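Raw contents of final.cif, mmCIF, C-alpha atoms:
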data_input
#
loop_
_atom_site.label_atom_id
_atom_site.label_comp_id
_atom_site.auth_asym_id
_atom_site.auth_seq_id
_atom_site.Cartn_x
_atom_site.Cartn_y
_atom_site.Cartn_z
CA MET Z 689 -42.56 1.45 41.77
CA THR Z 690 -43.25 3.98 39.06
CA ASP Z 691 -46.27 2.09 37.76
CA THR Z 692 -47.66 1.78 41.26
CA ALA Z 693 -47.20 5.49 41.89
CA ASP Z 694 -48.91 6.36 38.60
CA LYS Z 695 -51.91 4.25 39.54
CA GLN Z 696 -52.13 5.99 42.90
CA VAL Z 697 -51.93 9.43 41.32
CA GLN Z 698 -54.73 8.77 38.85
CA PRO Z 699 -58.02 10.27 40.22
CA ARG Z 700 -60.86 7.94 40.98
CA LYS Z 701 -63.81 8.02 38.64
CA GLN Z 702 -66.74 9.70 40.36
CA GLY Z 703 -70.39 8.87 39.64
CA LEU Z 704 -73.27 11.31 39.28
CA SER Z 705 -73.80 13.75 42.10
CA ARG Z 706 -77.02 13.74 44.09
CA ARG Z 707 -78.27 16.83 42.27
CA GLN Z 708 -77.50 15.27 38.89
CA LYS Z 709 -79.36 12.10 39.88
CA ARG Z 710 -82.41 14.12 40.86
CA ALA Z 711 -82.27 16.05 37.58
CA LEU Z 712 -81.95 12.80 35.63
CA SER Z 713 -84.89 11.29 37.54
CA ARG Z 714 -87.05 14.33 36.78
CA GLY Z 715 -86.04 14.18 33.13
CA VAL Z 716 -87.07 10.54 32.90
CA GLN Z 717 -90.42 11.26 34.55
CA TYR Z 718 -91.11 14.16 32.18
CA ALA Z 719 -90.18 11.98 29.22
CA VAL Z 720 -92.54 9.21 30.34
CA PHE Z 721 -95.34 11.73 30.88
CA VAL Z 722 -94.85 13.31 27.45
CA ALA Z 723 -94.72 9.88 25.82
CA ALA Z 724 -97.99 8.87 27.53
CA VAL Z 725 -99.71 12.09 26.40
CA VAL Z 726 -98.49 11.69 22.83
CA ALA Z 727 -99.59 8.04 22.78
CA PHE Z 728 -103.05 9.00 24.04
CA ALA Z 729 -103.36 11.86 21.55
CA VAL Z 730 -102.34 9.65 18.64
CA SER Z 731 -104.49 6.64 19.54
CA ALA Z 732 -107.71 8.46 20.54
CA ASP Z 733 -110.51 8.83 18.00
CA TRP Z 734 -111.05 12.58 18.34
CA GLY Z 735 -113.78 12.64 15.72
CA ARG Z 736 -116.02 10.25 17.64
CA LEU Z 737 -115.26 12.03 20.92
CA ARG Z 738 -116.19 15.38 19.38
CA ASN Z 739 -119.46 14.00 17.99
CA GLN Z 740 -120.41 12.47 21.32
CA PHE Z 741 -119.24 15.12 23.78
CA ALA Z 742 -118.77 18.41 21.93
CA GLN Z 743 -121.89 19.26 19.95
CA ALA Z 744 -121.98 23.05 20.05
CA ASP Z 745 -125.66 23.29 19.08
CA LEU Z 746 -126.71 21.02 21.97
CA ALA Z 747 -124.56 22.99 24.40
CA GLU Z 748 -126.16 26.27 23.28
CA GLN Z 749 -129.65 24.85 23.87
CA MET Z 750 -128.80 24.27 27.53
CA PHE Z 751 -128.39 27.97 28.24
CA PRO Z 752 -129.59 29.83 30.22
CA ASP Z 753 -131.55 27.07 32.01
CA ILE Z 754 -128.45 25.20 33.13
CA ILE Z 755 -127.35 28.34 34.99
CA THR Z 756 -130.65 29.84 36.13
CA LEU Z 757 -132.21 26.50 37.09
CA ALA Z 758 -129.73 23.63 37.49
CA LEU Z 759 -126.73 25.53 38.87
CA LYS Z 760 -128.96 27.67 41.07
CA ASN Z 761 -130.60 24.59 42.60
CA THR Z 762 -127.21 22.95 43.11
CA VAL Z 763 -125.91 25.99 44.99
CA LEU Z 764 -129.07 26.20 47.12
CA TYR Z 765 -128.93 22.49 47.97
CA THR Z 766 -125.26 22.80 48.91
CA LEU Z 767 -125.65 25.88 51.07
CA SER Z 768 -128.70 24.53 52.90
CA GLY Z 769 -126.90 21.25 53.64
CA PHE Z 770 -123.75 23.09 54.72
CA VAL Z 771 -125.59 25.39 57.13
CA PHE Z 772 -127.54 22.54 58.70
CA GLY Z 773 -124.42 20.38 58.90
CA LEU Z 774 -122.40 23.21 60.46
CA VAL Z 775 -124.98 23.81 63.20
CA LEU Z 776 -125.40 20.10 63.92
CA GLY Z 777 -121.64 19.55 63.72
CA MET Z 778 -121.05 22.29 66.30
CA VAL Z 779 -123.52 20.67 68.71
CA ILE Z 780 -121.93 17.24 68.23
CA ALA Z 781 -118.43 18.66 68.67
CA LEU Z 782 -119.41 20.25 72.00
CA MET Z 783 -121.04 16.97 73.05
CA ARG Z 784 -117.80 15.21 72.14
CA LEU Z 785 -115.91 17.54 74.50
CA SER Z 786 -118.51 17.41 77.25
CA PRO Z 787 -117.53 16.04 80.67
CA VAL Z 788 -120.88 14.19 80.68
CA GLY Z 789 -120.21 10.62 79.58
CA PRO Z 790 -123.52 9.87 77.74
CA TYR Z 791 -123.10 13.01 75.61
CA ARG Z 792 -119.63 11.91 74.53
CA TRP Z 793 -120.82 8.39 73.77
CA LEU Z 794 -123.79 9.56 71.70
CA ALA Z 795 -121.59 11.98 69.75
CA GLY Z 796 -118.99 9.27 69.13
CA ILE Z 797 -121.63 6.80 67.92
CA TYR Z 798 -123.14 9.39 65.58
CA ILE Z 799 -119.76 10.28 64.10
CA GLU Z 800 -118.75 6.68 63.53
CA ILE Z 801 -122.07 5.75 61.90
CA PHE Z 802 -122.44 8.72 59.57
CA ARG Z 803 -118.79 8.80 58.59
CA GLY Z 804 -118.96 5.11 57.74
CA LEU Z 805 -122.17 5.08 55.71
CA PRO Z 806 -122.11 6.14 52.03
CA ALA Z 807 -123.93 9.40 51.32
CA LEU Z 808 -126.18 7.53 48.87
CA LEU Z 809 -127.63 5.43 51.71
CA ILE Z 810 -128.34 8.56 53.73
CA PHE Z 811 -130.30 10.04 50.83
CA ILE Z 812 -132.30 6.83 50.44
CA PHE Z 813 -132.92 6.78 54.19
CA VAL Z 814 -134.24 10.35 54.16
CA GLY Z 815 -136.36 9.80 51.04
CA VAL Z 816 -137.79 6.39 51.94
CA ALA Z 817 -137.30 5.45 55.58
CA VAL Z 818 -138.37 8.74 57.16
CA PRO Z 819 -141.81 8.85 55.45
CA LEU Z 820 -142.36 5.19 56.40
CA ALA Z 821 -141.34 5.75 60.01
CA PHE Z 822 -143.45 8.90 60.41
CA PRO Z 823 -146.55 8.56 58.18
CA GLY Z 824 -148.14 11.84 57.22
CA THR Z 825 -145.13 13.85 58.36
CA GLU Z 826 -143.60 16.24 55.83
CA ILE Z 827 -140.07 17.55 56.12
CA PRO Z 828 -140.26 21.37 56.01
CA GLY Z 829 -139.07 22.89 52.76
CA GLY Z 830 -140.02 19.97 50.52
CA THR Z 831 -137.13 18.75 48.40
CA TYR Z 832 -134.84 21.52 49.65
CA GLY Z 833 -135.54 20.44 53.23
CA LYS Z 834 -134.85 16.77 52.42
CA VAL Z 835 -131.58 17.62 50.71
CA ALA Z 836 -130.54 19.89 53.60
CA LEU Z 837 -131.29 17.05 56.03
CA ALA Z 838 -129.45 14.40 54.01
CA LEU Z 839 -126.38 16.50 53.26
CA GLY Z 840 -126.37 17.92 56.76
CA LEU Z 841 -126.42 14.48 58.40
CA VAL Z 842 -123.47 13.39 56.27
CA SER Z 843 -121.39 16.54 56.65
CA ALA Z 844 -122.10 17.07 60.36
CA ALA Z 845 -120.07 13.98 61.27
CA TYR Z 846 -116.98 15.34 59.49
CA MET Z 847 -117.52 18.93 60.62
CA ALA Z 848 -117.91 17.82 64.23
CA GLU Z 849 -114.46 16.24 64.25
CA THR Z 850 -112.98 19.26 62.45
CA ILE Z 851 -114.52 21.72 64.93
CA ARG Z 852 -113.51 19.56 67.90
CA ALA Z 853 -109.91 19.54 66.68
CA GLY Z 854 -110.05 23.32 66.21
CA ILE Z 855 -111.34 23.89 69.75
CA GLN Z 856 -108.66 21.64 71.21
CA ALA Z 857 -106.01 23.49 69.17
CA VAL Z 858 -106.77 26.74 71.01
CA PRO Z 859 -104.25 27.11 73.85
CA LYS Z 860 -105.69 26.18 77.25
CA GLY Z 861 -104.35 29.44 78.61
CA GLN Z 862 -107.09 31.26 76.72
CA MET Z 863 -109.79 29.57 78.81
CA GLU Z 864 -107.83 30.03 82.02
CA ALA Z 865 -107.36 33.73 81.30
CA ALA Z 866 -111.06 34.17 80.54
CA ARG Z 867 -112.09 32.40 83.74
CA SER Z 868 -109.70 34.55 85.76
CA LEU Z 869 -111.43 37.64 84.35
CA GLY Z 870 -114.79 36.40 85.62
CA PHE Z 871 -116.13 34.74 82.44
CA SER Z 872 -118.32 31.69 82.90
CA HIS Z 873 -117.20 28.53 81.08
CA THR Z 874 -120.07 28.82 78.58
CA TRP Z 875 -119.51 32.49 77.83
CA ALA Z 876 -115.75 31.95 77.48
CA MET Z 877 -116.40 29.17 74.95
CA VAL Z 878 -118.85 31.29 72.95
CA SER Z 879 -116.95 34.57 72.96
CA ILE Z 880 -113.29 33.48 73.01
CA ILE Z 881 -112.58 29.81 72.29
CA ILE Z 882 -115.02 29.05 69.47
CA PRO Z 883 -114.17 32.19 67.39
CA GLN Z 884 -110.47 31.28 67.56
CA ALA Z 885 -111.28 27.67 66.69
CA PHE Z 886 -113.20 28.72 63.60
CA ARG Z 887 -110.25 30.74 62.33
CA ILE Z 888 -108.24 27.54 62.55
CA VAL Z 889 -110.79 25.27 60.83
CA ILE Z 890 -111.93 27.58 58.02
CA PRO Z 891 -109.77 25.80 55.39
CA PRO Z 892 -111.08 22.26 56.10
CA LEU Z 893 -114.65 23.56 56.39
CA THR Z 894 -114.30 25.21 52.99
CA ASN Z 895 -113.03 21.91 51.62
CA GLU Z 896 -116.13 20.21 53.08
CA LEU Z 897 -118.24 22.75 51.16
CA VAL Z 898 -116.58 21.60 47.93
CA LEU Z 899 -117.37 17.98 48.76
CA LEU Z 900 -120.99 18.84 49.54
CA PHE Z 901 -121.31 20.65 46.22
CA LYS Z 902 -120.45 17.40 44.44
CA ASP Z 903 -122.57 15.22 46.76
CA SER Z 904 -125.62 17.33 45.90
CA SER Z 905 -125.83 15.25 42.70
CA LEU Z 906 -127.39 12.49 44.82
CA VAL Z 907 -130.59 14.52 45.07
CA LEU Z 908 -131.97 12.54 42.11
CA PHE Z 909 -132.59 9.62 44.49
CA LEU Z 910 -135.14 11.74 46.36
CA GLY Z 911 -137.28 12.16 43.25
CA VAL Z 912 -137.34 15.75 42.00
CA THR Z 913 -139.56 17.72 39.63
CA LEU Z 914 -138.27 19.40 36.49
CA GLU Z 915 -137.95 22.68 38.36
CA GLU Z 916 -135.97 21.06 41.19
CA ARG Z 917 -133.28 19.40 39.09
CA GLU Z 918 -129.64 20.07 39.87
CA LEU Z 919 -126.70 19.95 37.47
CA ALA Z 920 -126.15 16.18 37.30
CA LYS Z 921 -129.86 15.37 36.91
CA TYR Z 922 -130.32 18.15 34.36
CA GLY Z 923 -127.38 16.97 32.26
CA ARG Z 924 -128.38 13.30 32.43
CA ASP Z 925 -131.98 14.00 31.40
CA LEU Z 926 -130.87 15.99 28.35
CA ALA Z 927 -128.30 13.34 27.47
CA SER Z 928 -131.06 10.71 27.48
CA GLN Z 929 -133.35 12.87 25.33
CA THR Z 930 -130.69 13.71 22.76
CA ALA Z 931 -128.75 10.40 22.84
CA ASN Z 932 -125.60 12.50 23.19
CA SER Z 933 -123.21 13.09 26.11
CA THR Z 934 -122.61 16.78 25.44
CA PRO Z 935 -125.05 17.86 28.19
CA ILE Z 936 -123.13 15.78 30.73
CA LEU Z 937 -119.86 17.45 29.72
CA VAL Z 938 -121.41 20.91 30.01
CA ALA Z 939 -122.84 20.04 33.43
CA GLY Z 940 -119.38 18.88 34.50
CA LEU Z 941 -117.86 22.17 33.38
CA CYS Z 942 -120.47 24.02 35.45
CA TYR Z 943 -119.36 22.05 38.50
CA LEU Z 944 -115.79 23.12 37.80
CA LEU Z 945 -116.90 26.77 37.62
CA VAL Z 946 -117.63 26.51 41.34
CA THR Z 947 -115.27 23.83 42.65
CA VAL Z 948 -112.07 25.18 41.07
CA PRO Z 949 -112.40 28.70 42.58
CA LEU Z 950 -113.37 27.16 45.92
CA GLY Z 951 -110.31 24.91 45.74
CA LEU Z 952 -108.12 27.96 45.14
CA VAL Z 953 -109.73 29.66 48.14
CA VAL Z 954 -108.99 26.60 50.29
CA ARG Z 955 -105.33 26.58 49.30
CA ARG Z 956 -105.06 30.32 49.92
CA LEU Z 957 -106.63 29.98 53.36
CA GLU Z 958 -104.33 27.07 54.21
CA THR Z 959 -101.32 29.16 53.19
CA LYS Z 960 -102.44 32.08 55.36
CA ALA Z 961 -103.10 29.74 58.28
CA GLY Z 962 -99.62 28.27 57.89
CA GLU Z 963 -98.04 31.73 57.84
CA ALA Z 964 -99.99 32.78 60.93
CA THR Z 965 -98.68 29.84 62.96
CA ARG Z 966 -95.02 30.52 62.17
#
I'd like the structure from this file rewritten - as structure tokens, please.
Amino acid sequence: MTDTADKQVQPRKQGLSRRQKRALSRGVQYAVFVAAVVAFAVSADWGRLRNQFAQADLAEQMFPDIITLALKNTVLYTLSGFVFGLVLGMVIALMRLSPVGPYRWLAGIYIEIFRGLPALLIFIFVGVAVPLAFPGTEIPGGTYGKVALALGLVSAAYMAETIRAGIQAVPKGQMEAARSLGFSHTWAMVSIIIPQAFRIVIPPLTNELVLLFKDSSLVLFLGVTLEERELAKYGRDLASQTANSTPILVAGLCYLLVTVPLGLVVRRLETKAGEATR
């Protein structure tokens, strides 16, 4: 009896708590990450990497042209494509919401086609197919006009769905209140619904701007002059001339000078939007 009582009195051995398991899991993950970094640092040939990607004299030769020419062109290409895509995307979004069936069908077909095709094919289409289909016709703005058209066609499909979702996210009571005050449907959309929708979709539209900034590198498939080169084309040309990849690395860093701040803006806007909906 005594032995049995002693066994019953002894406390059961408890395993790790849930918090301890999570801490142990995090510790293992950190250890694996540190081990991978150390293994990479030890095994990499830093001398060869430095010679191929970090030649300071080659990097210095790229300035100021990489800023005043390549980066400037990249920004202009991106903004022109974004503006055209935003306008076209707004039209397609309204067609998507239209009570007229053919408008909805055309908008849906456009969105499915241009969301499904790679951006590279759109650039080739604009640079090759359009001149063949319309001989003697020049797209206004030269290369800038072609890039705006290509980037705009690609981005409009995504922006249209974003804007449509933003319009549908505005409470229906807003339209009903506007109509009760004597607003026409069109004027209520322009003055009340669309402004509220844009406040909702600013974060995803800013993210689309980041994507367009990177897609502008496809301009090389349109055939550009030396004065029309953007960052990727500029870096690749210098890399070919010097047989060194330093210009490509510098061009990549210039992309980050724009995309990283824009990414921070997107996250900040998303945080504000989340706080506003609470």
Worksheet item: Given the file above and the PyMOL selection byres ((chain Z and resi 947) around 10), which residues are selected, and can you give them as a PyMOL selection string?
Response: chain Z and resi 895+897-899+901-902+941-946+948-953
Set up a box along x, y and z of the file covering all listed atoms of segment 797-800 of chain Z, add 4 Å on every one of the six sides, and write the centre and edge lengths in Å to one decimal, as lines of an AutoDock Vina configuration file.
center_x = -120.9
center_y = 8.5
center_z = 65.7
size_x = 12.4
size_y = 11.6
size_z = 12.4
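If you count all atoms listed in the file and ignore residues fewer than 6 places along the chain from segment 820-836 of chain Z, what sits within 9 Å of it is Z:Asn761, Z:Leu764, Z:Tyr765, Z:Thr766, Z:Leu767, Z:Ser768, Z:Gly769, Z:Phe770, Z:Val771, Z:Phe772, Z:Gly773, Z:Phe811, Z:Val814, Z:Ser904, Z:Leu906, Z:Val907, Z:Leu910, Z:Gly911, Z:Val912, Z:Glu916.
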Close residues, Gly796 of chain Z itself excluded, 10 Å, only C-alpha atoms, min 3 positions apart in chain, as a PDB file with C-alpha atoms, keeping the file's coordinate frame:
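Writing the result to around.pdb gives the following:
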ATOM      1  CA  ILE Z 780    -121.930  17.240  68.230  1.00  0.00           C
ATOM      2  CA  ALA Z 781    -118.430  18.660  68.670  1.00  0.00           C
ATOM      3  CA  MET Z 783    -121.040  16.970  73.050  1.00  0.00           C
ATOM      4  CA  ARG Z 784    -117.800  15.210  72.140  1.00  0.00           C
ATOM      5  CA  PRO Z 790    -123.520   9.870  77.740  1.00  0.00           C
ATOM      6  CA  TYR Z 791    -123.100  13.010  75.610  1.00  0.00           C
ATOM      7  CA  ARG Z 792    -119.630  11.910  74.530  1.00  0.00           C
ATOM      8  CA  TRP Z 793    -120.820   8.390  73.770  1.00  0.00           C
ATOM      9  CA  ILE Z 799    -119.760  10.280  64.100  1.00  0.00           C
ATOM     10  CA  GLU Z 800    -118.750   6.680  63.530  1.00  0.00           C
ATOM     11  CA  ILE Z 801    -122.070   5.750  61.900  1.00  0.00           C
ATOM     12  CA  ALA Z 845    -120.070  13.980  61.270  1.00  0.00           C
ATOM     13  CA  ALA Z 848    -117.910  17.820  64.230  1.00  0.00           C
ATOM     14  CA  GLU Z 849    -114.460  16.240  64.250  1.00  0.00           C
TER      15      GLU Z 849
END
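Note that the spacing between atom CA of Phe721 of chain Z and atom CA of Arg738 of chain Z amounts to 24.1 Å.
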Worksheet entry | Residues selected by the PyMOL selection byres ((chain Z and resi 850-857) around 7), written as a list in words | Met778, Ala781, Tyr846, Met847, Ala848, Glu849, Val858, Pro859, Ile881, Ile882, Ala885, Phe886, Ile888 and Val889 of chain Z
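The residue that comes closest to Leu841 of chain Z, out of Z:Pro787, Z:Gly777, Z:Pro891, Z:Pro883 and on the basis of only C-alpha atoms, is Z:Gly777.
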Worksheet item: Looking at Z:Gln862, Z:Asn932, Z:Ser868, Z:Ser843, which one is nearest to Ala807 of chain Z, with distances taken over all atoms listed in the file?
Response: Z:Ser843
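Distance-wise, atom CA of Gln708 of chain Z and atom CA of Ala724 of chain Z end up 24.3 Å apart.
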